[in-house]
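K.L.:
My structure file run30.cif, mmCIF, C-alpha atoms, is below:
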data_run
#
loop_
_atom_site.group_PDB
_atom_site.id
_atom_site.type_symbol
_atom_site.label_atom_id
_atom_site.label_comp_id
_atom_site.auth_asym_id
_atom_site.auth_seq_id
_atom_site.Cartn_x
_atom_site.Cartn_y
_atom_site.Cartn_z
ATOM 1 C CA MET R 10 106.473 108.411 167.123
ATOM 2 C CA PRO R 11 104.470 108.460 163.905
ATOM 3 C CA GLY R 12 107.183 110.313 161.954
ATOM 4 C CA SER R 13 109.904 107.776 162.672
ATOM 5 C CA ARG R 14 107.571 104.907 161.731
ATOM 6 C CA HIS R 15 106.755 106.615 158.416
ATOM 7 C CA SER R 16 110.420 107.170 157.606
ATOM 8 C CA ARG R 17 111.117 103.516 158.399
ATOM 9 C CA PHE R 18 108.566 102.532 155.769
ATOM 10 C CA ALA R 19 109.869 105.123 153.306
ATOM 11 C CA SER R 20 113.341 103.610 153.455
ATOM 12 C CA ALA R 21 112.259 99.958 153.598
ATOM 13 C CA HIS R 22 112.662 97.621 150.633
ATOM 14 C CA ASP R 23 109.487 96.526 148.824
ATOM 15 C CA VAL R 24 109.839 92.953 150.134
ATOM 16 C CA GLU R 25 110.020 94.257 153.709
ATOM 17 C CA LEU R 26 106.969 96.414 153.108
ATOM 18 C CA CYS R 27 105.095 93.378 151.782
ATOM 19 C CA GLY R 28 106.003 91.509 154.965
ATOM 20 C CA PHE R 29 104.691 94.347 157.124
ATOM 21 C CA ALA R 30 101.540 94.592 154.977
ATOM 22 C CA ALA R 31 100.957 90.835 155.362
ATOM 23 C CA THR R 32 100.736 91.394 159.130
ATOM 24 C CA GLY R 33 98.068 94.061 158.561
ATOM 25 C CA GLU R 34 100.265 97.171 158.552
ATOM 26 C CA ARG R 35 98.330 99.435 156.204
ATOM 27 C CA ARG R 36 100.926 102.208 156.215
ATOM 28 C CA ALA R 37 103.505 99.812 154.791
ATOM 29 C CA PHE R 38 101.145 98.920 151.966
ATOM 30 C CA GLY R 39 100.385 102.620 151.502
ATOM 31 C CA GLU R 40 104.076 103.150 150.840
ATOM 32 C CA LEU R 41 103.964 100.467 148.122
ATOM 33 C CA VAL R 42 100.997 102.223 146.513
ATOM 34 C CA ARG R 43 102.831 105.552 146.678
ATOM 35 C CA ARG R 44 105.925 104.050 145.049
ATOM 36 C CA HIS R 45 104.258 102.089 142.275
ATOM 37 C CA GLY R 46 100.846 103.659 141.638
ATOM 38 C CA SER R 47 101.893 105.862 138.737
ATOM 39 C CA ALA R 48 103.731 103.006 136.996
ATOM 40 C CA VAL R 49 100.653 100.779 137.242
ATOM 41 C CA ARG R 50 98.414 103.539 135.871
ATOM 42 C CA GLY R 51 100.937 104.123 133.068
ATOM 43 C CA VAL R 52 100.792 100.484 131.962
ATOM 44 C CA LEU R 53 97.008 100.620 131.942
ATOM 45 C CA ARG R 54 96.985 103.816 129.849
ATOM 46 C CA ARG R 55 99.363 102.195 127.365
ATOM 47 C CA MET R 56 96.952 99.257 127.167
ATOM 48 C CA GLY R 57 94.236 101.727 126.125
ATOM 49 C CA ALA R 58 92.539 102.738 129.376
ATOM 50 C CA GLN R 59 91.461 106.339 129.672
ATOM 51 C CA THR R 60 92.821 108.216 132.695
ATOM 52 C CA ALA R 61 89.783 107.702 134.954
ATOM 53 C CA GLU R 62 89.513 104.035 134.032
ATOM 54 C CA ALA R 63 93.265 103.539 134.621
ATOM 55 C CA ASP R 64 92.838 105.081 138.074
ATOM 56 C CA ASP R 65 89.888 102.769 138.860
ATOM 57 C CA VAL R 66 91.639 99.632 137.646
ATOM 58 C CA ALA R 67 94.859 100.550 139.482
ATOM 59 C CA GLN R 68 92.859 100.996 142.681
ATOM 60 C CA ASP R 69 91.219 97.597 142.163
ATOM 61 C CA ALA R 70 94.625 96.041 141.473
ATOM 62 C CA PHE R 71 96.118 97.447 144.676
ATOM 63 C CA LEU R 72 93.092 96.278 146.682
ATOM 64 C CA THR R 73 93.511 92.803 145.208
ATOM 65 C CA ALA R 74 97.239 92.909 145.937
ATOM 66 C CA PHE R 75 96.566 93.920 149.538
ATOM 67 C CA GLU R 76 94.082 91.074 149.973
ATOM 68 C CA ARG R 77 96.559 88.606 148.447
ATOM 69 C CA ILE R 78 99.792 90.106 149.819
ATOM 70 C CA ALA R 79 100.687 86.872 151.604
ATOM 71 C CA GLU R 80 100.940 85.231 148.158
ATOM 72 C CA PHE R 81 103.761 87.590 147.115
ATOM 73 C CA ARG R 82 106.988 85.670 147.682
ATOM 74 C CA GLY R 83 109.493 88.211 146.408
ATOM 75 C CA GLU R 84 110.524 86.006 143.474
ATOM 76 C CA GLY R 85 110.018 88.987 141.157
ATOM 77 C CA THR R 86 109.439 92.626 141.932
ATOM 78 C CA PHE R 87 106.321 93.836 143.671
ATOM 79 C CA ALA R 88 105.848 96.335 140.814
ATOM 80 C CA ALA R 89 105.767 93.547 138.219
ATOM 81 C CA TRP R 90 103.375 91.514 140.357
ATOM 82 C CA VAL R 91 100.868 94.336 140.790
ATOM 83 C CA LYS R 92 101.156 95.308 137.093
ATOM 84 C CA LYS R 93 100.162 91.763 136.133
ATOM 85 C CA ILE R 94 97.198 91.950 138.490
ATOM 86 C CA ALA R 95 96.176 95.288 136.963
ATOM 87 C CA ALA R 96 96.534 94.007 133.392
ATOM 88 C CA ARG R 97 94.340 91.005 134.127
ATOM 89 C CA ILE R 98 91.674 93.149 135.799
ATOM 90 C CA TYR R 99 91.665 95.530 132.847
ATOM 91 C CA LEU R 100 91.328 92.661 130.381
ATOM 92 C CA ARG R 101 88.408 91.213 132.327
ATOM 93 C CA ARG R 102 86.735 94.624 132.125
ATOM 94 C CA LEU R 103 87.342 94.779 128.401
ATOM 95 C CA GLN R 104 85.916 91.328 127.911
ATOM 96 C CA ARG R 105 82.921 92.142 130.064
ATOM 97 C CA ASP R 106 82.330 95.298 128.049
ATOM 98 C CA ARG R 107 82.654 93.273 124.850
ATOM 99 C CA ARG R 108 85.321 95.562 123.505
ATOM 100 C CA LEU R 109 87.482 92.550 122.658
ATOM 101 C CA THR R 110 85.083 91.100 120.110
ATOM 102 C CA LEU R 111 87.501 92.051 117.354
ATOM 103 C CA MET R 112 89.995 89.662 118.901
ATOM 104 C CA THR R 113 88.077 86.387 118.620
ATOM 105 C CA ALA R 114 90.249 83.446 117.717
ATOM 106 C CA GLU R 115 90.966 83.101 113.976
ATOM 107 C CA ALA R 116 88.786 86.116 113.105
ATOM 108 C CA ILE R 117 91.413 88.759 113.610
ATOM 109 C CA GLU R 118 92.008 90.995 110.670
ATOM 110 C CA ASP R 119 95.330 92.649 110.102
ATOM 111 C CA GLU R 120 95.190 96.282 111.096
ATOM 112 C CA ALA R 121 96.450 98.842 108.614
ATOM 113 C CA ASP R 122 99.909 100.234 109.199
ATOM 114 C CA PRO R 123 99.828 103.385 111.307
ATOM 115 C CA PRO R 124 100.265 106.623 109.384
ATOM 116 C CA ARG R 125 103.861 107.738 109.130
ATOM 117 C CA GLY R 126 104.601 111.087 110.657
ATOM 118 C CA ASP R 127 106.865 113.859 109.515
ATOM 119 C CA ALA R 128 110.541 112.824 109.733
ATOM 120 C CA ASP R 129 111.246 115.836 111.935
ATOM 121 C CA ALA R 130 108.363 115.121 114.300
ATOM 122 C CA ASN R 131 109.262 114.044 117.795
ATOM 123 C CA ILE R 132 107.131 110.925 118.343
ATOM 124 C CA ASP R 133 107.094 109.498 121.839
ATOM 125 C CA LEU R 134 106.227 105.960 122.806
ATOM 126 C CA GLU R 135 102.757 106.871 124.073
ATOM 127 C CA GLU R 136 101.791 108.382 120.725
ATOM 128 C CA ALA R 137 103.355 105.497 118.817
ATOM 129 C CA LEU R 138 101.362 102.978 120.885
ATOM 130 C CA LYS R 139 98.145 104.885 120.165
ATOM 131 C CA ALA R 140 98.818 104.430 116.448
ATOM 132 C CA LEU R 141 98.792 100.628 116.772
ATOM 133 C CA GLY R 142 95.654 98.593 116.312
ATOM 134 C CA GLU R 143 93.881 97.639 119.542
ATOM 135 C CA ALA R 144 95.026 94.021 119.405
ATOM 136 C CA GLU R 145 98.665 94.966 118.807
ATOM 137 C CA ARG R 146 98.634 97.658 121.503
ATOM 138 C CA LEU R 147 97.152 95.273 124.070
ATOM 139 C CA CYS R 148 99.580 92.466 123.302
ATOM 140 C CA VAL R 149 102.677 94.705 123.231
ATOM 141 C CA SER R 150 101.618 96.512 126.422
ATOM 142 C CA MET R 151 100.870 93.273 128.238
ATOM 143 C CA CYS R 152 104.149 91.613 127.258
ATOM 144 C CA PHE R 153 106.429 94.613 127.685
ATOM 145 C CA GLY R 154 104.598 97.052 129.973
ATOM 146 C CA ALA R 155 102.927 94.612 132.346
ATOM 147 C CA GLY R 156 105.639 91.973 132.097
ATOM 148 C CA LEU R 157 103.426 89.060 131.088
ATOM 149 C CA SER R 158 104.919 86.277 129.005
ATOM 150 C CA HIS R 159 103.373 85.530 125.625
ATOM 151 C CA THR R 160 101.713 82.492 127.190
ATOM 152 C CA GLU R 161 100.247 84.535 130.067
ATOM 153 C CA ALA R 162 98.959 87.169 127.630
ATOM 154 C CA ALA R 163 97.410 84.473 125.430
ATOM 155 C CA GLU R 164 95.643 82.944 128.439
ATOM 156 C CA ALA R 165 94.421 86.337 129.669
ATOM 157 C CA LEU R 166 93.102 87.260 126.219
ATOM 158 C CA ASN R 167 91.781 83.757 125.493
ATOM 159 C CA LEU R 168 93.733 83.718 122.225
ATOM 160 C CA PRO R 169 96.062 81.200 120.643
ATOM 161 C CA LEU R 170 99.702 81.720 121.589
ATOM 162 C CA GLY R 171 100.683 82.200 117.941
ATOM 163 C CA THR R 172 98.136 85.000 117.534
ATOM 164 C CA VAL R 173 99.570 86.892 120.509
ATOM 165 C CA LYS R 174 103.110 86.401 119.196
ATOM 166 C CA SER R 175 102.027 87.715 115.791
ATOM 167 C CA HIS R 176 100.434 90.807 117.313
ATOM 168 C CA VAL R 177 103.540 91.468 119.410
ATOM 169 C CA LYS R 178 105.811 91.016 116.403
ATOM 170 C CA ARG R 179 103.731 93.286 114.140
ATOM 171 C CA GLY R 180 103.316 95.853 116.891
ATOM 172 C CA LEU R 181 107.056 95.968 117.595
ATOM 173 C CA GLU R 182 107.836 96.279 113.891
ATOM 174 C CA LYS R 183 105.460 99.236 113.613
ATOM 175 C CA LEU R 184 106.941 100.834 116.730
ATOM 176 C CA ARG R 185 110.481 100.377 115.358
ATOM 177 C CA THR R 186 109.429 101.992 112.101
ATOM 178 C CA ARG R 187 107.936 104.980 113.891
ATOM 179 C CA LEU R 188 110.577 105.439 116.568
ATOM 180 C CA ALA R 189 113.926 104.225 115.237
ATOM 181 C CA PRO R 190 114.631 106.630 112.360
ATOM 182 C CA GLU R 191 115.018 109.753 114.472
ATOM 183 C CA ASP R 192 115.289 108.544 118.033
ATOM 184 C CA GLY R 193 117.541 105.550 117.490
ATOM 185 C CA VAL R 194 115.265 103.581 119.818
ATOM 186 C CA VAL R 195 115.793 99.854 119.582
ATOM 187 C CA LEU R 196 113.113 97.591 120.978
ATOM 188 C CA GLU R 197 114.492 94.211 121.881
ATOM 189 C CA GLY R 198 112.438 91.081 121.294
ATOM 190 C CA ARG R 199 110.554 89.445 124.165
ATOM 191 C CA ARG R 200 112.895 87.873 126.705
ATOM 192 C CA GLY R 201 111.053 84.582 126.911
ATOM 193 C CA ASN R 202 109.181 82.802 124.189
ATOM 194 C CA GLY R 203 106.708 81.115 126.498
#
Could you express the structure from this file as structure tokens?
P.N.:
Amino acid sequence: MPGSRHSRFASAHDVELCGFAATGERRAFGELVRRHGSAVRGVLRRMGAQTAEADDVAQDAFLTAFERIAEFRGEGTFAAWVKKIAARIYLRRLQRDRRLTLMTAEAIEDEADPPRGDADANIDLEEALKALGEAERLCVSMCFGAGLSHTEAAEALNLPLGTVKSHVKRGLEKLRTRLAPEDGVVLEGRRGNG
């Protein structure tokens, strides 16, 4: 019965679905895409991708994940794993398109502070991220949205570790300034330093 098989996948844990997908069960992987597709696209949009590009990169990330599903060991969440894949694909596209030229090692200029909004304005995280410089937005989104460590982000961006840490620190400070006064949002520092 197709309906009972679908409900079995709908109630299965992500690790179980990965196991089924590793044996070639496409419907199990389809359930993973259904569950996590919007979160992956959201991370990509926060990294700066426009909607259509986020959709394309997310699709590429899920195709890559399907091809490499046997490599997923369940040590972390499937969502985090596929977000890392998506972030790396997006960065390769940026590098290929030469939109990362402003981020060459030791030639990075400090971006101006984002404009401060009206104290009564309701600023959400998406808008606050858009106000960051490209380098800060990428580094913050990679380390917090995609779950990469500072070291992984530095390797993906081909930047020194200290540069990535600086961009994350400056970006978080700017986000705190924009969000904390009225929302009381507190952004914790990165969990791991490496």
K.L.:
To one decimal in Å, tell me the separation between CA of Ala48 in chain R and CA of Ala155 in chain R.
P.N.:
9.6 Å
K.L.:
Could you state the separation of CA of Gly39 in chain R and CA of Ala63 in chain R in Å, given to one decimal place?
P.N.:
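Answer for the CA of Gly39 in chain R to CA of Ala63 in chain R separation: 18.3 Å.
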K.L.:
Hey, can you check how far CA of Glu40 in chain R sits from CA of Leu26 in chain R?
P.N.:
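A separation of 7.7 Å between them.
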K.L.:
Just say which residues the PyMOL selection byres ((chain R and resi 21-23) around 9) picks in this file, as a list in words.
P.N.:
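Answer for the PyMOL selection byres ((chain R and resi 21-23) around 9): Ser16, Arg17, Phe18, Ala19, Ser20, Val24, Glu25, Leu26, Cys27, Gly28, Ala37, Glu40, Leu41, Gly83, Thr86, Phe87 and Ala88 of chain R.
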K.L.:
Can you list, as a list of chain:residue names, every protein, DNA or RNA residue that comes within 7 Å of range 147-149 of chain R when you count all atoms listed in the file, leaving out same-chain residues fewer than 2 positions away?
P.N.:
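Contacts, with the query itself left out: R:Met56, R:Glu143, R:Ala144, R:Glu145, R:Met151, R:Cys152, R:Phe153, R:Ala162, R:Val173, R:His176, R:Val177, R:Gly180.
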K.L.:
Looking at only C-alpha atoms, which of R:Leu166, R:Leu181, R:Ala79, R:Val52 is the one that sits closest to Phe29 in chain R?
P.N.:
R:Ala79
K.L.:
Identify which of the residues R:Ala95, R:Ala165, R:Leu134, R:Leu141 lies closest to Thr73 in chain R, counting all atoms listed in the file when measuring atom-to-atom distances.
P.N.:
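Of R:Ala95, R:Ala165, R:Leu134, R:Leu141, the one nearest Thr73 in chain R, counting all atoms listed in the file, is R:Ala95.
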K.L.:
Using all atoms listed in the file, which of the listed residues (R:Arg55, R:Lys92, R:His159, R:Arg77) sits closest to Ala30 in chain R?
P.N.:
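When distances to Ala30 in chain R are compared using all atoms listed in the file, the smallest one comes from R:Arg77.
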K.L.:
Determine the nearest neighbour of Phe81 in chain R from the options R:Val42, R:Ala31, R:Leu170, R:Ala140, counting all atoms listed in the file.
P.N.:
R:Ala31
